[in-house]
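**Student:** Structure provided below as structure tokens; questions to follow.
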Amino acid sequence: MTDFSASQGAWKRLTERMGAQNWPASSLYVVATPIGNLGDLSLRACETLARCDVIAAEDTRASRSLLDAWGIATPLMAAHRHNEASAAQSIVERLARGERVALVSDAGAPAVSDPGARIVRAVREAGYGVVAIPGASAVITALMASGVTSDENPAFVFAGFMPAKAAARQKWLRRWCALPAPVVMFESPHRLAAAIRDLVLVCGPERRLTLARELTKRFEQVHTLPAGDAAAWLDMDAHHGQGEFVLIVHESEADDPDDDVDSAALVLLDALLESVSLRDAARIAAKVTGQPRDALYALALARQKSALG
């Protein structure tokens with residue numbers, strides 16, 4: 001076990017090395033913060049937040065708790081979904097004065113399924129530098145814990161939050177889950193049961209699903225099972241449905257007509273089926289994609305039946 005005094009010495013040396021690095025002024029520092037465990041803030045992120053003149057935060061109260069835990073006294077300003085335009089203008093004005101500004105979200109990486117992208121774009125368009133400070137990510141953490149990807153097949157898709165309403169959610173799932181890769185998505189606990197019902201309806205009960213809850217926190221769980229068993233798993237323990245969730249829908253292993261059709265054709269078919277007949281959808285998709293019309297017709301019929309349950 002490492003001696004505590006030796007650890008303190010190493011921390012001091014690393015802090016000194018951080019201080020000797022380049023910290024350009026008139027720059028926006030986009031800083032990833034912990035998704036649950038306060039210990040996941042990196043030394044570089046800590047130094048960045050301490051050195052900046054102001055921290056633009058999605059929720060200043062949540063960010064103040066993190067800063068207090070790490071002994072960082074940098075002032076905060078609000079930069080959330082409802083004031084991004086005005087916050088971006090204010091930040092650009094600060095950069096024009098030579099200030100360093102940090103941008104954080106409630107947890108994880110700003111501008112990745114969180115507010116911040118508009119601010120980053122505004123800063124770049126104004127000609128100022130943007131420095132990304134990497135760190136904790138719920139998406140990457142869930143992928144690491146699930147083992148759903150490999151070095152032979154590293155592909156995955158991040159789809160963000162599911163739509164709130166059932167019809168939109170089913171349409172959304174049909175499009176994303178037709179892709180030939182695991183799909184990572186977020187869902188809130190109060191919509192989780194309904195989302196799983198729709199997932200089973202769209203993808204079938206045998207589709208593999210990973211539920212990752214409370215990642216990096218004390219009651220973290222990562223559980224993989226057939227989608228059809230997920231509702232029973234939730235009912236097994238009241239705690240199973242609580243907390244922050246990342247879902248991973250595994251790539252389909254079924255030998256079905258989808259295997260011979262590329263993902264672009266699947267997306268096009270689903271879009272066409274919303275407004276034209278099944279026959280016309282197959283005809284148009286065949287003309288656009290060059291895929292066999294008969295195969296597209298059979299696929300469209302199967303997907304239409306799946307959507308109707």
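Residue numbering restarts at 1 for every chain of the structure tokens, chains are lettered A, B, ... in their displayed order, and ligands are numbered from 1 as they appear.
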Show which residues sit within 9 Å of stretch 205-222 of chain A, as a PyMOL selection string. Count only C-alpha atoms, and ignore same-chain residues fewer than 2 positions away.
**Tutor:** chain A and resi 34-37+40+138+141-142+145-146+148+199-201+203+224-230+240-254
**Student:** Within 10 Å of A:Ala264, counting only C-alpha atoms, which residues show up once you throw out same-chain ones fewer than 5 positions away? Write them as an mmCIF file with C-alpha atoms, in the first residue's frame, please.
**Tutor:**
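And here is the file that came out, around-v7.cif:
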data_model
loop_
_atom_site.group_PDB
_atom_site.id
_atom_site.type_symbol
_atom_site.label_atom_id
_atom_site.label_comp_id
_atom_site.auth_asym_id
_atom_site.auth_seq_id
_atom_site.Cartn_x
_atom_site.Cartn_y
_atom_site.Cartn_z
ATOM 1 C CA ARG A 175 -34.689 3.968 -36.539
ATOM 2 C CA ALA A 178 -31.998 -0.913 -36.933
ATOM 3 C CA LEU A 179 -28.356 0.182 -37.051
ATOM 4 C CA LEU A 269 -38.195 2.681 -45.402
ATOM 5 C CA ALA A 285 -36.676 2.842 -51.553
ATOM 6 C CA THR A 289 -30.937 2.740 -52.809
#
**Student:** Compare A:Leu43, A:Ala111, A:Ala282, A:Leu28 by their minimum atom-to-atom distance to A:Glu58, counting only C-alpha atoms, and give me the closest one.
**Tutor:**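 The closest residue to A:Glu58 is A:Ala111.
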**Student:** If you run DSSP on the backbone here, which positions in stretch 8-93 of chain A get strand (DSSP E)? Please write them as a count of residues only.
**Tutor:** 12
**Student:** Select from stretch 119-252 of chain A everything DSSP, run on the backbone, classes as alpha helix (DSSP H), then give the selection as number ranges by chain.
**Tutor:** A: 119-125, 138-146, 166-176, 192-203, 230-236
